[in-house]
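Participant: I have a structure I would like to understand better, so I am pasting it below and will then ask my questions one at a time.
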There are 2 protein chains.
Amino acid sequence: MRLSRFFMPTLKEDPKEAQIASHRLMLRAGMIQQSSAGIYSWLPLGHMVLKNIEKIVREEQNKAGALEILMPTIQPADLWRESDRYDDYGKEMLRIEDRHGRAMLYGPTNEEQVTDIFRSNVKSYKDLPLNLYHIQWKFRDEVRPRFGVMRGREFLMKDAYSFDLDYENSKITYNRMFVAYLKTYARLGLQAIPLRADTGPIGGDLSHEFIILADTGESEVFYHKDILNLPTPDAKDHSPEELQTLVDEWTSYYAAADEMHDAENCTVGEGDLITRRGIEVGHIFHFGQKYSEKMGASVAGPDGKDVNVSMGSYGIGVSRLVGGIIEACHDDNGIIWPEEVAPFKVGLINLKSGDDACDAACDEFYNKLQAAGVDVLYDDTSDRAGGKFAKMDLIGLPWQVTIGPRGLKSGVVEFKNRASGEKEELSPEAALEKLIG
Amino acid sequence: MRLSRFFMPTLKEDPKEAQIASHRLMLRAGMIQQSSAGIYSWLPLGHMVLKNIEKIVREEQNKAGALEILMPTIQPADLWRESDRYDDYGKEMLRIEDRHGRAMLYGPTNEEQVTDIFRSNVKSYKDLPLNLYHIQWKFRDEVRPRFGVMRGREFLMKDAYSFDLDYENSKITYNRMFVAYLKTYARLGLQAIPLRADTGPIGGDLSHEFIILADTGESEVFYHKDILNLPTPDAKDHSPEELQTLVDEWTSYYAAADEMHDAENCTVGEGDLITRRGIEVGHIFHFGQKYSEKMGASVAGPDGKDVNVSMGSYGIGVSRLVGGIIEACHDDNGIIWPEEVAPFKVGLINLKSGDDACDAACDEFYNKLQAAGVDVLYDDTSDRAGGKFAKMDLIGLPWQVTIGPRGLKSGVVEFKNRASGEKEELSPEAALEKLIG
């Protein structure tokens with residue numbers, strides 16, 4: 001993509017309304033624009049990152065055997081009356097009346113709706129297990145939305161819902177999702193820690209939240225230092241026994257958020273206990289028959305008797321992750337994207353647009369990257385060199401290639417790693433080799 | 001995908017609530033499930049088709065130079081007061097009050113919101129042309145939603161918005177989108193006819209709608225028979241002159257919906273004028289300064305003076321197209337998907353699941369297709385053969401391969417083209433060759 005044809009309205013100054021790094025950097029990089037409090041439009045650069053995250057989340061859900069559906073944003077209130085959550089949910093639920101005066105709502109989550117789909121279609125234990133997910137916009141009418149997409153009102157979430165015949169089987173599904181989450185975060189370039197969590201308004205008896213470490217995190221986290229050394233589970237399909245072993249391993253280390261941390265009874269030695277701040281990027285729940293009982297989601301079991309199915313739900317905040325990744329990956333100059341979610345892999349800077357030799361060398365480099373399928377943003381504008389460098393650092397593409405008149409005379413381009421700041425002079429061919437090879 | 005692990009709740013009987021083929025077939029094939037009037041959940045099979053259509057629409061928008069963004073579903077009412085459309089829009093607009101009593105709405109379209117993005121960021125003619133699109137859910141509170149996804153309340157639409165310095169330039173953009181639409185429909189396996197259209201509530205002075213022919217179409221269409229023989233424009237990038245020539249060619253033939261048709265003054269000879277029914281699958285508008293004037297979307301022109309930009313908008317109903325394609329492509333037995341949008345390319349039927357030889361042959365065939373990246377739905381269930389055939393015809397995958405004990409003895413599988421009904425007996429290798437090669 002040529003920057004002259006792209007739409008990336010960057011800001012030179014820090015916007016006043018942004019209190020945290022991700023909000024500030026997303027506005028400055030032209031990734032988002034506020035529409036109203038806690039509601040954002042995603043501009044091209046931000047949208048690309050959102051889609052990259054969504055793609056990785058989707059692939060890992062599919063690999064774990066979950067099936068993608070898409071439930072609507074607007075739900076009938078009656079469904080929520082069945083689960084007794086309509087009145088409980090309070091003002092965070094955006095309640096709507098349609099033209100005929102029917103009570104509707106903008107879904108903050110989808111347990112009721114997916115349970116309705118299940119009970120309308122599945123009648124036998126033979127059709128289990130079933131795990132349905134969707135990636136859809138949700139709305140929670142936060143009283144004080146803030147921190148940009150980290151705590152917005154309209155947000156994109158992946159939520160999966162599992163249906164099993166009994167506790168034993170639903171535990172296998174829970175473990176499979178637990179492991180899928182570890183794989184997902186690793187692919188996103190993040191180190192996530194699972195914490196035993198409170199189940200909150202979703203209810204249930206077993207729950208973990210996944211957090212990533214960042215100084216700006218919303219809550220304090222206490223964990224055994226060795227949990228950071230655990231290897232990510234292999235990409236292979238794991239048996240139920242292997243899943244249990246992995247979950248046991250990951251949960252054998254102490255890890256708790258402040259509201260669950262019990263300093264008096266924590267047995268971790270002083271030198272091993274780390275305290276840092278964390279950002280929640282996922283939450284999984286096993287809640288058994290809570291919804292299936294109230295909503296009549298039962299199947300005929302092997303003995304012919306009806307059984308209320310055992311359920312779980314599994315959420316990842318996709319739009320929140322864009323902010324979360326930036327909180328974990330930035331420096332004073334801007335964002336540092338992990339390669340898998342970067343909007344472009346390479347930023348190409350033409351130091352002297354309008355100069356025939358520079359334009360020709362840049363165009364050739366650009367065309368070769370494009371032909372090889374490498375995503376590249378080519379700054380072909382007539383801005384000053386300093387502005388171009390600052391902009392590339394700000395938007396945080398993993399690799400920067402700078403081509404200017406002086407380098408061209410000696411047959412070299414400048415090749416920079418955004419994360420380490422390391423620069424080297426390479427021939428154009430050697431630079432291409434590094435990016436394509 | 002193995003059918004035993006998929007979620008495709010097909011119905012044997014026609015659902016009573018469905019009046020038209022697409023609604024009936026989508027419910028019967030387990031593609032959608034109604035959530036409330038005019039609001040649907042997309043089950044896995046339906047979701048796959050929706051995504052396939054979305055992908056083609058996106059690729060053609062990108063090729064035409066439009067940039068993808070994503071605007072939120074919930075908009076502030078104040079924006080619509082600026083354009084004077086807040087009161088005009090009537091009861092079709094879903095109006096919402098948030099917890100602080102602020103007036104919001106679920107966007108039925110996005111002219112105001114995108115104009116706000118434009119005016120906040122673009123100040124100079126040098127940043128033009130700009131064409132921004134998104135693929136997002138919209139809501140129109142139809143008084144009597146019906147015909148399934150063809151006339152739902154919550155629906156997925158691709159809408160693009162273009163910004164140019166003056167009429168001349170915006171006409172080039174309009175033509176480019178006109179041609180992109182022709183390419184899009186051709187890739188979807190559809191023959192679309194552009195009709196000169198009324199601009200309706202969007203306003204403006206130039207507009208075309210694109211319809212596809214189907215007996216169940218909502219409106220009557222009158223057109224010169226030769227328009228169906230026009231070739232689809234090449235995939236190449238066209239110059240402004242070439243674009244104008246293409247648009248002139250396509251609009252030189254008479255084509256009008258009933259509300260625009262003037263029987264008395266129509267000059268098409270009787271033998272050349274065809275009357276059929278059509279379904280609207282896209283609508284493009286040039287409306288010039290209608291919004292830019294009211295909302296102050298201006299740029300500094302080459303002479304330094306401020307100019308209100310010239311705009312257009314370009315819509316394709318993505319969820320509506322799922323129904324539209326079925327209306328145009330089905331027979332008494334079910335859906336007949338064009339290959340580019342089919343949820344799977346191949347349906348593989350195991351005639352005797354549980355029989356070792358059959359299972360082994362099917363598994364091998366299935367694994368080879370998967371390894372070659374061919375999407376295949378493998379009916380590995382223990383249902384009766386008749387039921388399996390009927391189900392495959394119902395869901396309309398382009399190719400069916402049936403493997404049974406009798407054929408295996410003579411070393412053949414049955415290979416069927418869903419559209420033509422043509423069957424042949426082939427060796428497994430020859431069948432694979434046809435599907436992969």
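So you can find residues: chains in the structure tokens are A, B, ... in the order shown, residues in each start at 1, and ligands are numbered from 1 in order.
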Write down, as an mmCIF file with C-alpha atoms, in the first residue's frame, each residue of chain A that has any atom within 6 Å of an atom of chain B, counting only C-alpha atoms.
Facilitator:
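Result file is part.cif:
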data_model
loop_
_atom_site.group_PDB
_atom_site.id
_atom_site.type_symbol
_atom_site.label_atom_id
_atom_site.label_comp_id
_atom_site.auth_asym_id
_atom_site.auth_seq_id
_atom_site.Cartn_x
_atom_site.Cartn_y
_atom_site.Cartn_z
ATOM 1 C CA SER A 41 -14.744 3.788 14.334
ATOM 2 C CA TRP A 42 -11.831 1.637 13.222
ATOM 3 C CA LEU A 43 -9.785 3.388 10.552
ATOM 4 C CA PRO A 44 -7.834 1.282 8.014
ATOM 5 C CA HIS A 47 -9.083 -2.372 11.235
ATOM 6 C CA GLU A 68 -18.458 -20.759 13.935
ATOM 7 C CA ILE A 69 -21.923 -19.248 13.862
ATOM 8 C CA LEU A 70 -23.078 -15.647 14.027
ATOM 9 C CA MET A 71 -25.791 -14.528 16.392
ATOM 10 C CA PRO A 72 -27.413 -11.130 15.923
ATOM 11 C CA ILE A 96 -34.400 -1.035 23.414
#
Participant: Any idea what's packed within 12 Å of A:Lys55, counting only C-alpha atoms, ignoring anything in its chain fewer than 4 positions away? Could you give it as a PyMOL selection string?
Facilitator: chain A and resi 48-51+59-62+135+158+184+187-188+318+340-341
Participant: Out of B:Arg24, B:Lys123, B:Arg58, B:Arg406, which residue has the shortest atom-to-atom distance to B:Ala300 when counting only C-alpha atoms?
Facilitator: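 Closest to B:Ala300, using only C-alpha atoms: B:Lys123.
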Participant: So that I can see what lies close to A:His208, please list as a PyMOL selection string the residues with an atom at most 10 Å from it, counting only C-alpha atoms and leaving out residues fewer than 5 positions away in the same chain.
Facilitator: chain A and resi 178+193-199+251+256+282-286+314
Participant: Those same residues, written as a compact mmCIF listing (two decimals), in the first residue's frame with all heavy atoms?
Facilitator:
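The resulting file, result.txt, is shown below:
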# COMPACT_ATOMS: atom_id res chain seq x y z
N PHE A 178 -9.08 -24.16 27.42
CA PHE A 178 -7.98 -23.62 28.22
C PHE A 178 -6.68 -23.68 27.40
O PHE A 178 -5.95 -22.69 27.27
CB PHE A 178 -7.86 -24.45 29.51
CG PHE A 178 -6.86 -23.97 30.52
CD1 PHE A 178 -7.29 -23.37 31.70
CD2 PHE A 178 -5.50 -24.15 30.34
CE1 PHE A 178 -6.38 -22.94 32.66
CE2 PHE A 178 -4.58 -23.72 31.28
CZ PHE A 178 -5.01 -23.12 32.45
N ILE A 193 -1.02 -15.43 31.35
CA ILE A 193 -1.04 -16.21 32.59
C ILE A 193 -2.49 -16.52 32.95
O ILE A 193 -3.31 -15.59 33.04
CB ILE A 193 -0.39 -15.43 33.75
CG1 ILE A 193 1.05 -15.06 33.39
CG2 ILE A 193 -0.44 -16.23 35.03
CD1 ILE A 193 1.73 -14.21 34.46
N PRO A 194 -2.82 -17.80 33.13
CA PRO A 194 -4.18 -18.13 33.57
C PRO A 194 -4.29 -17.97 35.08
O PRO A 194 -3.44 -18.46 35.83
CB PRO A 194 -4.35 -19.60 33.16
CG PRO A 194 -2.97 -20.14 33.02
CD PRO A 194 -2.02 -19.00 32.83
N LEU A 195 -5.34 -17.29 35.51
CA LEU A 195 -5.60 -17.10 36.94
C LEU A 195 -6.91 -17.78 37.29
O LEU A 195 -7.87 -17.68 36.54
CB LEU A 195 -5.76 -15.62 37.28
CG LEU A 195 -4.72 -14.62 36.80
CD1 LEU A 195 -5.15 -13.22 37.23
CD2 LEU A 195 -3.36 -14.97 37.38
N ARG A 196 -6.93 -18.43 38.43
CA ARG A 196 -8.19 -18.96 38.92
C ARG A 196 -9.06 -17.75 39.23
O ARG A 196 -8.62 -16.81 39.87
CB ARG A 196 -7.95 -19.78 40.18
CG ARG A 196 -9.09 -20.72 40.44
CD ARG A 196 -8.81 -21.69 41.56
NE ARG A 196 -10.03 -22.42 41.82
CZ ARG A 196 -10.32 -23.56 41.20
NH1 ARG A 196 -9.49 -24.10 40.35
NH2 ARG A 196 -11.47 -24.17 41.45
N ALA A 197 -10.29 -17.77 38.73
CA ALA A 197 -11.08 -16.53 38.78
C ALA A 197 -12.42 -16.72 39.44
O ALA A 197 -12.94 -17.82 39.56
CB ALA A 197 -11.28 -16.01 37.37
N ASP A 198 -12.96 -15.60 39.84
CA ASP A 198 -14.30 -15.53 40.36
C ASP A 198 -15.24 -15.65 39.16
O ASP A 198 -14.96 -15.15 38.08
CB ASP A 198 -14.47 -14.16 41.02
CG ASP A 198 -15.70 -14.11 41.89
OD1 ASP A 198 -16.29 -15.17 42.14
OD2 ASP A 198 -16.07 -13.00 42.30
N THR A 199 -16.40 -16.31 39.33
CA THR A 199 -17.27 -16.50 38.17
C THR A 199 -18.19 -15.33 37.91
O THR A 199 -18.74 -15.20 36.82
CB THR A 199 -18.09 -17.79 38.31
OG1 THR A 199 -18.80 -17.70 39.54
CG2 THR A 199 -17.20 -19.00 38.34
N THR A 251 -1.85 -24.90 36.09
CA THR A 251 -2.54 -24.41 37.28
C THR A 251 -1.84 -24.84 38.57
O THR A 251 -2.31 -24.52 39.66
CB THR A 251 -4.01 -24.90 37.30
OG1 THR A 251 -4.01 -26.32 37.15
CG2 THR A 251 -4.81 -24.27 36.17
N ALA A 256 -2.82 -15.41 40.98
CA ALA A 256 -4.12 -14.88 41.41
C ALA A 256 -4.16 -13.37 41.26
O ALA A 256 -3.15 -12.68 41.45
CB ALA A 256 -4.37 -15.24 42.88
N GLY A 282 -8.98 -12.59 28.43
CA GLY A 282 -9.85 -13.73 28.16
C GLY A 282 -10.40 -14.27 29.47
O GLY A 282 -9.81 -14.04 30.54
N HIS A 283 -11.53 -14.95 29.35
CA HIS A 283 -12.15 -15.48 30.56
C HIS A 283 -12.94 -16.72 30.15
O HIS A 283 -13.72 -16.67 29.21
CB HIS A 283 -13.07 -14.42 31.17
CG HIS A 283 -13.25 -14.58 32.65
ND1 HIS A 283 -13.47 -13.54 33.50
CD2 HIS A 283 -13.25 -15.69 33.43
CE1 HIS A 283 -13.60 -13.97 34.74
NE2 HIS A 283 -13.47 -15.28 34.72
N ILE A 284 -12.71 -17.82 30.85
CA ILE A 284 -13.47 -19.03 30.54
C ILE A 284 -14.21 -19.50 31.78
O ILE A 284 -13.74 -19.34 32.91
CB ILE A 284 -12.57 -20.15 29.96
CG1 ILE A 284 -11.51 -20.62 30.97
CG2 ILE A 284 -11.87 -19.66 28.69
CD1 ILE A 284 -10.63 -21.75 30.45
N PHE A 285 -15.39 -20.05 31.55
CA PHE A 285 -16.29 -20.44 32.65
C PHE A 285 -16.85 -21.84 32.40
O PHE A 285 -17.27 -22.15 31.28
CB PHE A 285 -17.52 -19.53 32.70
CG PHE A 285 -17.23 -18.07 32.84
CD1 PHE A 285 -17.03 -17.28 31.73
CD2 PHE A 285 -17.18 -17.49 34.10
CE1 PHE A 285 -16.78 -15.92 31.86
CE2 PHE A 285 -16.93 -16.14 34.24
CZ PHE A 285 -16.73 -15.34 33.12
N HIS A 286 -16.87 -22.64 33.43
CA HIS A 286 -17.73 -23.82 33.39
C HIS A 286 -18.88 -23.53 34.34
O HIS A 286 -18.66 -23.22 35.51
CB HIS A 286 -16.98 -25.08 33.86
CG HIS A 286 -17.90 -26.24 33.97
ND1 HIS A 286 -18.47 -26.62 35.15
CD2 HIS A 286 -18.40 -27.07 33.03
CE1 HIS A 286 -19.27 -27.64 34.94
NE2 HIS A 286 -19.25 -27.94 33.66
N TYR A 314 -16.69 -19.21 26.89
CA TYR A 314 -15.27 -18.93 26.71
C TYR A 314 -15.12 -17.65 25.90
O TYR A 314 -15.41 -17.62 24.71
CB TYR A 314 -14.62 -20.10 25.95
CG TYR A 314 -15.06 -21.46 26.49
CD1 TYR A 314 -16.20 -22.10 26.00
CD2 TYR A 314 -14.36 -22.07 27.53
CE1 TYR A 314 -16.61 -23.31 26.51
CE2 TYR A 314 -14.76 -23.29 28.05
CZ TYR A 314 -15.89 -23.92 27.53
OH TYR A 314 -16.32 -25.12 28.06
Participant: Quick one: everything within 9 Å of stretch 276-279 of chain A, counting only C-alpha atoms, minus sequence neighbours fewer than 3 positions away in the same chain. Send it as a list of chain:residue names.
Facilitator: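 Listed by chain and then number, they are A:Phe210, A:Ile211, A:Ile212, A:Leu213, A:Ala214, A:Asp215, A:Thr216, A:Gly217, A:Glu218, A:Ser219, A:Glu220, A:Val221, A:Phe222, A:Tyr223, A:Ala257, A:Gly324, A:Glu327.
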Participant: Pull N, CA, C and O atoms from the residues just selected and write them as an mmCIF file, in the first residue's frame.
Facilitator:
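Heads up, here's the output in again_4.cif:
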data_model
loop_
_atom_site.group_PDB
_atom_site.id
_atom_site.type_symbol
_atom_site.label_atom_id
_atom_site.label_comp_id
_atom_site.auth_asym_id
_atom_site.auth_seq_id
_atom_site.Cartn_x
_atom_site.Cartn_y
_atom_site.Cartn_z
ATOM 1 N N PHE A 210 -7.471 -15.060 31.783
ATOM 2 C CA PHE A 210 -6.125 -14.997 31.210
ATOM 3 C C PHE A 210 -5.713 -13.539 31.198
ATOM 4 O O PHE A 210 -6.445 -12.688 30.693
ATOM 5 N N ILE A 211 -4.540 -13.270 31.757
ATOM 6 C CA ILE A 211 -4.070 -11.885 31.767
ATOM 7 C C ILE A 211 -2.711 -11.801 31.079
ATOM 8 O O ILE A 211 -1.969 -12.795 30.992
ATOM 9 N N ILE A 212 -2.419 -10.627 30.560
ATOM 10 C CA ILE A 212 -1.067 -10.351 30.079
ATOM 11 C C ILE A 212 -0.494 -9.262 30.978
ATOM 12 O O ILE A 212 -1.236 -8.448 31.537
ATOM 13 N N LEU A 213 0.817 -9.276 31.125
ATOM 14 C CA LEU A 213 1.474 -8.329 32.023
ATOM 15 C C LEU A 213 1.716 -6.995 31.327
ATOM 16 O O LEU A 213 2.167 -6.959 30.184
ATOM 17 N N ALA A 214 1.392 -5.924 31.989
ATOM 18 C CA ALA A 214 1.680 -4.581 31.478
ATOM 19 C C ALA A 214 1.597 -3.617 32.641
ATOM 20 O O ALA A 214 0.717 -3.736 33.490
ATOM 21 N N ASP A 215 2.517 -2.658 32.662
ATOM 22 C CA ASP A 215 2.582 -1.751 33.812
ATOM 23 C C ASP A 215 1.286 -0.984 34.008
ATOM 24 O O ASP A 215 0.978 -0.546 35.115
ATOM 25 N N THR A 216 0.555 -0.804 32.922
ATOM 26 C CA THR A 216 -0.688 -0.038 33.001
ATOM 27 C C THR A 216 -1.893 -0.919 33.287
ATOM 28 O O THR A 216 -3.030 -0.464 33.184
ATOM 29 N N GLY A 217 -1.643 -2.198 33.611
ATOM 30 C CA GLY A 217 -2.753 -3.141 33.817
ATOM 31 C C GLY A 217 -3.748 -2.666 34.854
ATOM 32 O O GLY A 217 -3.401 -1.920 35.780
ATOM 33 N N GLU A 218 -4.976 -3.127 34.723
ATOM 34 C CA GLU A 218 -6.063 -2.638 35.574
ATOM 35 C C GLU A 218 -6.050 -3.269 36.956
ATOM 36 O O GLU A 218 -6.612 -2.746 37.897
ATOM 37 N N SER A 219 -5.392 -4.440 37.085
ATOM 38 C CA SER A 219 -5.419 -5.071 38.411
ATOM 39 C C SER A 219 -4.047 -5.637 38.756
ATOM 40 O O SER A 219 -3.214 -5.890 37.893
ATOM 41 N N GLU A 220 -3.853 -5.836 40.047
ATOM 42 C CA GLU A 220 -2.593 -6.362 40.533
ATOM 43 C C GLU A 220 -2.643 -7.886 40.441
ATOM 44 O O GLU A 220 -3.674 -8.492 40.706
ATOM 45 N N VAL A 221 -1.519 -8.474 40.055
ATOM 46 C CA VAL A 221 -1.472 -9.922 39.881
ATOM 47 C C VAL A 221 -0.306 -10.473 40.691
ATOM 48 O O VAL A 221 0.775 -9.877 40.718
ATOM 49 N N PHE A 222 -0.556 -11.608 41.338
ATOM 50 C CA PHE A 222 0.475 -12.271 42.140
ATOM 51 C C PHE A 222 0.718 -13.647 41.543
ATOM 52 O O PHE A 222 -0.240 -14.415 41.363
ATOM 53 N N TYR A 223 1.976 -13.969 41.207
ATOM 54 C CA TYR A 223 2.215 -15.274 40.578
ATOM 55 C C TYR A 223 3.608 -15.797 40.894
ATOM 56 O O TYR A 223 4.535 -15.040 41.194
ATOM 57 N N ALA A 257 -5.318 -12.863 40.889
ATOM 58 C CA ALA A 257 -5.518 -11.413 40.872
ATOM 59 C C ALA A 257 -5.780 -10.958 42.306
ATOM 60 O O ALA A 257 -6.045 -11.782 43.185
ATOM 61 N N GLY A 324 -4.684 -4.074 24.442
ATOM 62 C CA GLY A 324 -3.859 -4.860 25.359
ATOM 63 C C GLY A 324 -2.480 -5.141 24.787
ATOM 64 O O GLY A 324 -1.463 -5.054 25.499
ATOM 65 N N GLU A 327 -0.447 -2.023 25.037
ATOM 66 C CA GLU A 327 0.024 -1.786 26.413
ATOM 67 C C GLU A 327 1.265 -2.633 26.700
ATOM 68 O O GLU A 327 2.205 -2.178 27.352
#
Participant: Mind giving me the straight-line distance from atom CA of A:Val309 to atom CA of B:Met26 in Å, one decimal?
Facilitator: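 About the pair atom CA of A:Val309 and atom CA of B:Met26: they are 27.2 Å apart.
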Participant: Residues at most 12 Å from B:Cys358, counting only C-alpha atoms, excluding those fewer than 4 positions away in the same chain, as a ChimeraX atom specification?
Facilitator: /B:348-354,362-366,380,402-409,411-413
Participant: Please identify the alpha helix (DSSP H) residues within stretch 6-100 of chain A (assignment by DSSP from backbone atoms) and present them as number ranges by chain.
Facilitator: A: 21-28, 44-63, 77-82, 85-88
Participant: As a VMD selection string, which residues of stretch 8-231 of chain B does DSSP assign to strand (DSSP E or B)?
Facilitator: chain B and resid 32 to 36 39 to 42 67 to 68 70 74 to 76 94 to 97 103 to 106 124 130 to 139 146 151 154 to 164 192 to 196 206 to 213 219 to 224
Participant: I'd like to know which of A:Lys345, A:Ala160, A:Ala361, A:Asp306 is closest to A:Asp375, using only C-alpha atoms.
Facilitator: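 Checking each candidate against A:Asp375, we get A:Lys345 as the closest.
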